[in-house]
>>> print(open('final-v5.tsv').read())   # TSV, C-alpha atoms
chain	number	residue	atom	x	y	z
A	16	MET	CA	0.00	0.00	0.00
A	17	LYS	CA	1.31	3.42	-0.92
A	18	THR	CA	1.94	5.88	1.86
A	19	PRO	CA	0.87	9.26	0.55
A	20	GLU	CA	3.62	11.12	2.34
A	21	LYS	CA	6.43	9.21	0.63
A	22	ASP	CA	4.97	8.66	-2.81
A	23	ILE	CA	3.41	11.96	-3.58
A	24	SER	CA	5.51	14.40	-5.62
A	25	ASP	CA	6.00	18.05	-4.71
A	26	GLU	CA	3.78	19.05	-7.65
A	27	GLU	CA	0.98	16.79	-6.42
A	28	LEU	CA	1.47	18.12	-2.92
A	29	LEU	CA	1.08	21.67	-4.19
A	30	THR	CA	-2.05	20.67	-6.13
A	31	LEU	CA	-3.48	19.18	-2.94
A	32	MET	CA	-2.83	22.41	-1.05
A	33	ARG	CA	-4.47	24.48	-3.77
A	34	THR	CA	-7.56	22.31	-4.15
A	35	GLU	CA	-10.59	23.13	-2.06
A	36	GLY	CA	-11.24	20.43	0.50
A	37	SER	CA	-7.74	18.93	0.45
A	38	GLU	CA	-5.74	21.93	1.65
A	39	ALA	CA	-5.36	20.61	5.18
A	40	ALA	CA	-4.05	17.23	3.98
A	41	GLY	CA	-1.62	19.00	1.63
A	42	TYR	CA	-0.32	21.33	4.30
A	43	ASN	CA	0.16	18.50	6.77
A	44	LEU	CA	2.05	16.46	4.18
A	45	LEU	CA	4.33	19.41	3.47
A	46	LEU	CA	4.99	19.79	7.17
A	47	ALA	CA	5.71	16.10	7.63
A	48	ARG	CA	8.06	16.04	4.66
A	49	TYR	CA	10.15	19.15	5.29
A	50	ARG	CA	9.96	20.07	8.97
A	51	HIS	CA	13.09	18.10	9.90
A	52	ARG	CA	15.29	19.54	7.17
A	53	LEU	CA	14.07	23.07	7.77
A	54	TYR	CA	14.57	22.75	11.52
A	55	TRP	CA	18.16	21.49	11.22
A	56	GLN	CA	19.06	24.11	8.68
A	57	ILE	CA	17.85	26.78	11.11
A	58	ARG	CA	19.41	25.12	14.15
A	59	ARG	CA	22.87	25.13	12.56
A	60	LEU	CA	22.64	28.90	12.30
A	61	VAL	CA	21.04	29.83	15.62
A	62	TYR	CA	22.44	26.90	17.70
A	63	ASP	CA	19.84	27.08	20.48
A	64	HIS	CA	16.84	24.72	20.26
A	65	GLU	CA	14.29	27.21	21.60
A	66	ASP	CA	15.46	29.83	19.12
A	67	ALA	CA	15.39	27.29	16.29
A	68	SER	CA	11.86	26.29	17.27
A	69	ASP	CA	10.68	29.92	17.24
A	70	VAL	CA	12.30	30.55	13.87
A	71	LEU	CA	10.77	27.36	12.44
A	72	GLN	CA	7.31	28.46	13.57
A	73	ASN	CA	7.80	31.84	11.91
A	74	CYS	CA	9.11	30.13	8.81
A	75	LEU	CA	6.06	27.82	8.58
A	76	ILE	CA	3.70	30.73	9.08
A	77	ARG	CA	5.40	32.56	6.23
A	78	VAL	CA	5.30	29.46	4.06
A	79	PHE	CA	1.60	28.90	4.60
A	80	ARG	CA	0.83	32.55	4.08
A	81	SER	CA	2.72	32.93	0.82
A	82	LEU	CA	2.32	29.51	-0.74
A	83	SER	CA	-0.06	30.93	-3.32
A	84	GLU	CA	2.84	33.07	-4.57
A	85	PHE	CA	5.05	30.04	-5.25
A	86	GLU	CA	5.14	29.65	-9.02
A	87	GLY	CA	7.01	26.36	-9.22
A	88	ARG	CA	10.03	27.76	-11.08
A	89	SER	CA	12.35	26.17	-8.52
A	90	LYS	CA	12.06	23.05	-6.41
A	91	LEU	CA	9.68	23.36	-3.47
A	92	TYR	CA	12.46	22.68	-0.97
A	93	THR	CA	14.69	25.33	-2.54
A	94	TRP	CA	11.94	27.87	-1.96
A	95	LEU	CA	11.31	26.63	1.60
A	96	CYS	CA	15.03	26.72	2.30
A	97	ARG	CA	15.28	30.33	1.18
A	98	ILE	CA	12.45	31.31	3.53
A	99	ALA	CA	14.04	29.43	6.43
A	100	LEU	CA	17.41	31.12	5.85
A	101	ASN	CA	15.82	34.56	5.65
A	102	GLU	CA	13.88	33.95	8.86
A	103	ALA	CA	17.01	32.74	10.66
A	104	ILE	CA	19.01	35.75	9.49
A	105	SER	CA	16.31	38.23	10.53
A	106	PHE	CA	15.99	36.48	13.89
A	107	LEU	CA	19.73	36.81	14.51
A	108	ASN	CA	19.68	40.45	13.40
A	109	LYS	CA	16.84	41.17	15.81
A	110	LYS	CA	18.85	39.58	18.60
A	111	LYS	CA	21.61	42.03	17.72
A	112	GLN	CA	23.95	39.21	16.91
A	113	PRO	CA	26.09	39.63	13.81
A	114	ALA	CA	23.89	37.77	11.33
A	115	LEU	CA	25.85	34.66	10.62
A	116	SER	CA	29.47	35.37	11.32
A	117	LEU	CA	30.12	35.48	15.02
A	118	LEU	CA	32.66	37.88	16.42
A	119	GLU	CA	35.94	36.34	17.52
A	120	GLU	CA	34.96	36.55	21.19
A	121	GLU	CA	31.49	35.08	20.63
A	122	ALA	CA	32.89	32.24	18.55
A	123	ALA	CA	35.35	31.49	21.34
A	124	GLN	CA	32.45	31.41	23.84
A	125	LEU	CA	30.41	29.09	21.62
A	126	ARG	CA	32.01	25.97	23.07
A	127	GLU	CA	30.99	26.97	26.59
A	128	ARG	CA	27.53	27.87	25.38
A	129	LEU	CA	27.08	24.51	23.68
A	130	ARG	CA	28.51	22.63	26.67
A	131	ALA	CA	25.83	24.25	28.86
A	132	ASP	CA	23.09	23.55	26.30
A	133	PRO	CA	20.89	20.63	27.45
A	134	TYR	CA	20.15	19.89	23.80
A	135	PHE	CA	23.75	19.50	22.71
A	136	GLU	CA	25.53	16.23	23.38
A	137	GLY	CA	28.51	16.54	21.06
A	138	ASP	CA	32.07	15.63	22.07
A	139	GLU	CA	35.15	17.86	21.94
A	140	VAL	CA	35.73	17.15	18.24
A	141	GLN	CA	32.19	18.19	17.39
A	142	LEU	CA	32.57	21.31	19.51
A	143	LEU	CA	35.77	22.12	17.64
A	144	LEU	CA	33.99	21.78	14.28
A	145	GLN	CA	31.12	24.01	15.43
A	146	GLU	CA	33.52	26.68	16.60
A	147	ALA	CA	35.44	26.51	13.32
A	148	ILE	CA	32.19	26.96	11.35
A	149	ALA	CA	31.08	29.80	13.63
A	150	ARG	CA	34.24	31.72	12.74
A	151	LEU	CA	33.44	31.70	9.02
A	152	PRO	CA	32.06	34.80	7.30
A	153	GLU	CA	28.30	34.81	6.78
A	154	LYS	CA	28.11	33.59	3.21
A	155	GLN	CA	30.80	30.93	3.59
A	156	ARG	CA	29.05	29.62	6.65
A	157	ILE	CA	25.72	29.19	4.85
A	158	VAL	CA	27.35	27.64	1.81
A	159	PHE	CA	29.37	25.25	3.95
A	160	ASN	CA	26.30	24.16	5.94
A	161	LEU	CA	24.19	23.57	2.83
A	162	ARG	CA	26.91	21.67	1.01
A	163	TYR	CA	28.63	19.76	3.81
A	164	PHE	CA	25.62	18.83	5.96
A	165	GLU	CA	22.77	18.81	3.43
A	166	ASP	CA	24.59	17.76	0.27
A	167	MET	CA	22.73	20.43	-1.65
A	168	SER	CA	23.78	20.79	-5.28
A	169	TYR	CA	25.43	24.02	-6.37
A	170	ALA	CA	22.60	24.52	-8.86
A	171	ASP	CA	19.97	24.48	-6.10
A	172	MET	CA	22.17	26.54	-3.84
A	173	ALA	CA	22.49	29.15	-6.59
A	174	LEU	CA	18.69	29.46	-6.58
A	175	VAL	CA	18.48	29.69	-2.80
A	176	LEU	CA	21.25	32.26	-2.46
A	177	ASP	CA	20.87	34.04	-5.79
A	178	THR	CA	24.56	33.54	-6.61
A	179	SER	CA	26.46	31.89	-9.43
A	180	GLU	CA	27.59	28.28	-9.04
A	181	GLY	CA	31.21	29.33	-9.58
A	182	ALA	CA	31.05	31.82	-6.71
A	183	LEU	CA	29.48	29.18	-4.49
A	184	LYS	CA	32.20	26.63	-5.26
A	185	ALA	CA	34.84	29.23	-4.43
A	186	SER	CA	33.07	30.08	-1.16
A	187	TYR	CA	32.88	26.42	-0.17
A	188	HIS	CA	36.55	25.91	-1.01
A	189	HIS	CA	37.58	28.90	1.13
A	190	ALA	CA	35.39	27.72	3.98
A	191	VAL	CA	36.99	24.26	3.94
A	192	LYS	CA	40.49	25.78	3.97
A	193	LYS	CA	39.66	28.07	6.90
A	194	ILE	CA	38.17	25.22	8.92
A	195	GLU	CA	41.22	23.09	8.23
A	196	SER	CA	43.57	25.89	9.36
A	197	PHE	CA	41.58	26.50	12.53
A	198	VAL	CA	41.47	22.80	13.43
A	199	LYS	CA	45.22	22.41	12.83
A	200	ALA	CA	45.96	25.46	14.95
A	201	SER	CA	43.73	24.15	17.75
A	202	GLN	CA	45.18	20.63	17.89
B	25	MET	CA	29.51	16.23	-14.36
B	26	ASP	CA	27.31	13.65	-12.64
B	27	PRO	CA	26.35	15.13	-9.24
B	28	SER	CA	27.25	11.89	-7.43
B	29	ASN	CA	30.73	11.95	-8.96
B	30	GLU	CA	31.05	15.60	-8.06
B	31	PHE	CA	30.19	14.84	-4.43
B	32	ARG	CA	32.57	11.85	-4.32
B	33	GLU	CA	35.46	13.84	-5.73
B	34	GLU	CA	34.75	16.70	-3.37
B	35	LEU	CA	34.63	14.34	-0.39
B	36	GLU	CA	37.97	12.79	-1.36
B	37	GLY	CA	39.45	16.29	-1.59
B	38	LEU	CA	38.35	17.24	1.93
B	39	PRO	CA	40.98	17.53	4.68
B	40	PRO	CA	41.15	14.41	6.93
B	41	PHE	CA	39.33	16.11	9.82
B	42	LEU	CA	36.29	17.05	7.72
B	43	ARG	CA	36.34	13.67	5.92
B	44	GLN	CA	36.12	11.91	9.27
B	45	MET	CA	33.35	14.15	10.49
B	46	LYS	CA	31.27	13.89	7.32
B	47	GLY	CA	28.06	12.03	8.02
B	48	ARG	CA	28.70	11.94	11.76
B	49	ASP	CA	26.10	13.08	14.24
B	50	GLU	CA	26.53	16.80	14.86
B	51	GLY	CA	25.68	16.53	18.55
B	52	PHE	CA	22.53	18.66	18.48
B	53	ARG	CA	19.40	17.22	20.10
B	54	VAL	CA	15.72	18.11	20.28
B	55	PRO	CA	13.31	17.43	23.16
B	56	PRO	CA	11.61	14.04	22.87
B	57	GLY	CA	8.56	14.13	20.59
B	58	TYR	CA	9.33	17.67	19.43
B	59	PHE	CA	8.63	17.09	15.72
B	60	GLU	CA	5.52	15.02	16.40
B	61	ALA	CA	4.16	17.79	18.62
B	62	LEU	CA	4.63	20.47	15.97
B	63	PRO	CA	1.20	21.94	15.32
B	64	GLY	CA	-0.54	21.27	12.01
B	65	GLN	CA	-1.42	23.79	9.36
B	66	GLU	CA	-4.63	24.90	11.13
B	67	ALA	CA	-2.53	26.28	13.96
B	68	PHE	CA	-0.28	28.13	11.56
B	69	ARG	CA	-2.96	29.48	9.28
B	70	THR	CA	-5.08	30.93	12.07
B	71	PRO	CA	-2.21	32.85	13.65
B	72	VAL	CA	-1.26	34.13	10.21
B	73	ARG	CA	-4.59	35.89	9.88
B	74	MET	CA	-4.67	36.81	13.53
B	75	ALA	CA	-1.03	37.79	13.87
B	76	TRP	CA	-1.65	41.51	13.46
B	77	LEU	CA	-4.78	41.36	15.55
B	78	ALA	CA	-2.97	39.46	18.28
B	79	ARG	CA	-0.16	42.01	18.22
B	80	TYR	CA	-2.79	44.75	18.30
B	81	GLN	CA	-4.63	43.02	21.14
B	82	ARG	CA	-1.46	42.89	23.17
B	83	SER	CA	-1.02	46.62	22.66
B	84	LEU	CA	-4.66	47.27	23.51
B	85	ARG	CA	-4.35	45.23	26.67
B	86	ALA	CA	-1.29	47.21	27.67
B	87	ILE	CA	-3.07	50.50	26.97
B	88	ALA	CA	-6.15	49.40	28.93
B	89	ALA	CA	-4.00	48.35	31.86
B	90	ALA	CA	-2.15	51.67	31.77
B	91	LEU	CA	-5.46	53.59	31.65
B	92	ALA	CA	-6.89	51.57	34.55
B	93	LEU	CA	-3.75	52.25	36.56
B	94	LEU	CA	-3.96	55.93	35.70
B	95	LEU	CA	-7.63	56.10	36.77
B	96	ILE	CA	-6.93	54.30	40.04
B	97	SER	CA	-4.00	56.63	40.72
B	98	ALA	CA	-6.11	59.69	39.91
B	99	ALA	CA	-8.95	58.48	42.17
B	100	ALA	CA	-6.52	57.73	44.99
B	101	TYR	CA	-4.87	61.13	44.56
B	102	TRP	CA	-8.26	62.91	44.52
B	103	HIS	CA	-9.38	61.02	47.63
B	104	TRP	CA	-6.14	61.87	49.38
B	105	GLN	CA	-6.53	65.54	48.45
B	106	GLN	CA	-10.04	65.52	49.91
B	107	LEU	CA	-8.82	64.03	53.17
B	108	MET	CA	-5.98	66.52	53.36
B	109	ALA	CA	-8.37	69.42	52.74
B	110	GLN	CA	-10.71	68.24	55.51
B	111	GLU	CA	-7.83	67.97	57.94
B	112	ALA	CA	-6.20	71.18	56.80
B	113	VAL	CA	-9.22	73.56	57.20
B	114	PRO	CA	-9.54	73.49	61.06
B	115	ALA	CA	-5.81	73.62	61.47
B	116	LEU	CA	-5.66	76.63	59.18
B	117	ALA	CA	-8.43	78.34	61.18
B	118	GLU	CA	-6.63	77.71	64.43
B	119	VAL	CA	-3.39	79.05	63.12
B	120	SER	CA	-5.07	82.13	61.67
B	121	LEU	CA	-6.85	82.96	64.94
B	122	ALA	CA	-3.68	82.48	66.88
B	123	GLU	CA	-1.85	84.83	64.57
B	124	ILE	CA	-4.44	87.64	64.71
B	125	PRO	CA	-3.47	90.37	67.23
B	126	GLU	CA	-5.74	90.69	70.20
B	127	ALA	CA	-6.54	94.31	69.36
B	128	ASP	CA	-7.82	93.27	65.93
B	129	ILE	CA	-9.98	90.56	67.43
B	130	HIS	CA	-11.41	93.01	69.87
B	131	ALA	CA	-12.12	95.56	67.11
B	132	TYR	CA	-13.77	92.82	65.00
B	133	ILE	CA	-16.03	91.77	67.86
B	134	VAL	CA	-17.01	95.35	68.64
B	135	ASP	CA	-17.78	96.03	64.95
B	136	ASN	CA	-19.79	92.87	64.51
B	137	ILE	CA	-21.76	93.22	67.70
B	138	GLY	CA	-23.49	96.21	66.12
B	139	ASP	CA	-24.24	94.16	62.98
B	140	PHE	CA	-25.42	91.28	65.10
B	141	GLU	CA	-27.79	93.48	67.06
B	142	GLY	CA	-29.01	95.01	63.80
B	143	GLU	CA	-29.72	91.56	62.37
B	144	ILE	CA	-31.54	90.52	65.50
B	145	ALA	CA	-33.64	93.65	65.37
B	146	ALA	CA	-34.44	93.09	61.70
B	147	VAL	CA	-35.45	89.47	62.12
B	148	PHE	CA	-37.33	89.72	65.37
B	149	PRO	CA	-39.89	92.42	66.15
B	150	PRO	CA	-39.23	94.23	69.38
B	151	GLY	CA	-40.26	92.22	72.41
B	152	GLN	CA	-40.18	88.90	70.47
B	153	LEU	CA	-36.57	87.88	70.66
B	154	ALA	CA	-36.10	84.15	70.42
B	155	ASP	CA	-33.77	83.90	73.33
B	156	PRO	CA	-35.01	85.59	76.52
B	157	SER	CA	-31.42	85.84	77.77
B	158	VAL	CA	-30.57	88.00	74.72
B	159	ALA	CA	-33.52	90.25	75.47
B	160	ARG	CA	-32.45	90.51	79.06
B	161	GLU	CA	-28.88	91.46	78.11
B	162	SER	CA	-29.91	93.96	75.46
B	163	THR	CA	-32.29	96.00	77.60
B	164	THR	CA	-31.12	98.76	79.97
B	165	PRO	CA	-31.57	97.85	83.62
B	166	ASP	CA	-33.93	100.07	85.63
B	167	ILE	CA	-31.79	102.18	88.00
B	168	PRO	CA	-33.63	104.59	90.30
B	169	LEU	CA	-32.48	108.17	89.67
B	170	PRO	CA	-31.57	110.34	92.74
B	171	ALA	CA	-33.64	113.40	93.55
B	172	ALA	CA	-32.58	116.73	91.92
B	173	ALA	CA	-31.54	118.31	95.28
B	174	GLU	CA	-29.30	115.34	96.04
B	175	LEU	CA	-27.67	115.63	92.62
B	176	GLU	CA	-27.03	119.38	93.07
B	177	ASP	CA	-25.38	118.82	96.47
B	178	TYR	CA	-23.21	116.03	95.02
B	179	LEU	CA	-22.02	118.21	92.12
B	180	LEU	CA	-21.25	121.18	94.36
B	181	ASP	CA	-19.15	118.94	96.66
B	182	ARG	CA	-17.22	117.64	93.68
B	183	LEU	CA	-16.61	121.19	92.32
B	184	GLU	CA	-15.13	122.32	95.61
B	185	ASP	CA	-12.65	119.47	95.53
B	186	LEU	CA	-11.50	120.28	92.01
B	187	GLU	CA	-8.13	121.98	91.47
B	188	THR	CA	-7.33	124.26	88.53
B	189	SER	CA	-4.88	121.64	87.21
B	190	ASP	CA	-7.65	118.99	87.27
B	191	LEU	CA	-9.83	121.25	85.15
B	192	GLU	CA	-7.02	121.82	82.67
B	193	ALA	CA	-6.37	118.11	82.43
B	194	LEU	CA	-10.05	117.49	81.89
B	195	LEU	CA	-10.22	120.05	79.10
B	196	ASP	CA	-7.12	118.62	77.41
B	197	GLN	CA	-8.75	115.18	77.02
>>> encode(input="final-v5.tsv", output="structure tokens")
Amino acid sequence: MKTPEKDISDEELLTLMRTEGSEAAGYNLLLARYRHRLYWQIRRLVYDHEDASDVLQNCLIRVFRSLSEFEGRSKLYTWLCRIALNEAISFLNKKKQPALSLLEEEAAQLRERLRADPYFEGDEVQLLLQEAIARLPEKQRIVFNLRYFEDMSYADMALVLDTSEGALKASYHHAVKKIESFVKASQ
Amino acid sequence: MDPSNEFREELEGLPPFLRQMKGRDEGFRVPPGYFEALPGQEAFRTPVRMAWLARYQRSLRAIAAALALLLISAAAYWHWQQLMAQEAVPALAEVSLAEIPEADIHAYIVDNIGDFEGEIAAVFPPGQLADPSVARESTTPDIPLPAAAELEDYLLDRLEDLETSDLEALLDQ
């Protein structure tokens, strides 16, 4: 027996959401399919679970409000991802934190912050990686997260970030080099 | 290039640290059942429409609370002012009386006695004063006059005793 959540395509899901009487089913399928990926993408930028949860709620509200504006020119997840990133960046800006590139001092404090976080159980190596990522400039940090953790293609990333694939490859390359240097210097 | 080949080549080109970490758990956790407890679309759609209203309602509630507080403060202040006024009036009267010179008080009483008697006379016809004690005080007592011969003798005696200086002093007054 087919499970609708797994077998239905994004196009069919959108049709469900736009058809009178099946909107609720469509919306719930969208939520079930993408909530995890959206949450983790946000969490990697804001670190704290409560903050990530708030941003995800705002992101879903925005998605449901503007779904009628989605024209299907890009993949559904690419569009969702763009909204999630924008929400995370505005959240961090509102908190008066430098959007995505932490200051030297804040990056250095990140390990302590994560150690005290009840929803972080990483070891010292994972803490080291998080601190190295936190020290990256804003764009490199986003590119690294999308490529390294989500395996997003450069083509999709170009749509999310409105940048050329070549520029994205260069950003990822620089990010990898910086992380490598930081890890070597720390060991 | 085939995306899977691109990923494989990229992974092989990663520094050892990142190659080891690739695919490993990042260490982040969520509370148990968090994703299952995420509200469905109904919960998100309603707040979307109500978001502005809710924000507005919060402001309205704050304004109403501030107004209520202001009214209570104003009422309390007004009540306090009333109490202070009631307490202040007798004290002010006492202080004022104490500060008035005795001569002024005496002059005031003398001036107002005339007015008082005038008012009494205007309100009550003669012989019908409300308070008999007032009538008694305001009438001249009957004193028997001495006989004319007795008066003449008395005056002559007094004139004989008078000195010239006494007369001068009397005239100077």
>>> closest_residue(input="final-v5.tsv", among="B:Ile129, B:Leu62, B:Leu191, B:Met108", to="chain A", atoms="all atoms listed in the file")
B:Leu62
>>> atom_distance(input="final-v5.tsv", atom1="CA of Thr34 (chain A)", atom2="CA of Val175 (chain A)")
27.1 Å
>>> closest_residue(input="final-v5.tsv", among="B:Lys46, B:Arg85, B:His103, B:Arg53", to="Tyr54 (chain A)", atoms="all atoms listed in the file")
B:Arg53
>>> interface_residues(input="final-v5.tsv", of="chain A", to="chain B", cutoff="9 Å", atoms="all atoms listed in the file", output="PyMOL selection string")
chain A and resi 39-40+42-43+46-47+50-51+55+58-59+62+64+72-73+75-77+79-80+133-138+140-142+144-145+163-164+166+168+191-192+194-195+198
>>> closest_atom_pairs(input="final-v5.tsv", of="region 136-187 of chain A", to="region 120-131 of chain A", cutoff="7 Å", atoms="all atoms listed in the file", output="CSV")
residue,atom,partner,partner_atom,distance
A:Leu142,CA,A:Arg126,CA,5.9
A:Glu146,CA,A:Ala122,CA,5.9
A:Ala149,CA,A:Ala122,CA,5.8
A:Arg150,CA,A:Ala122,CA,6.0
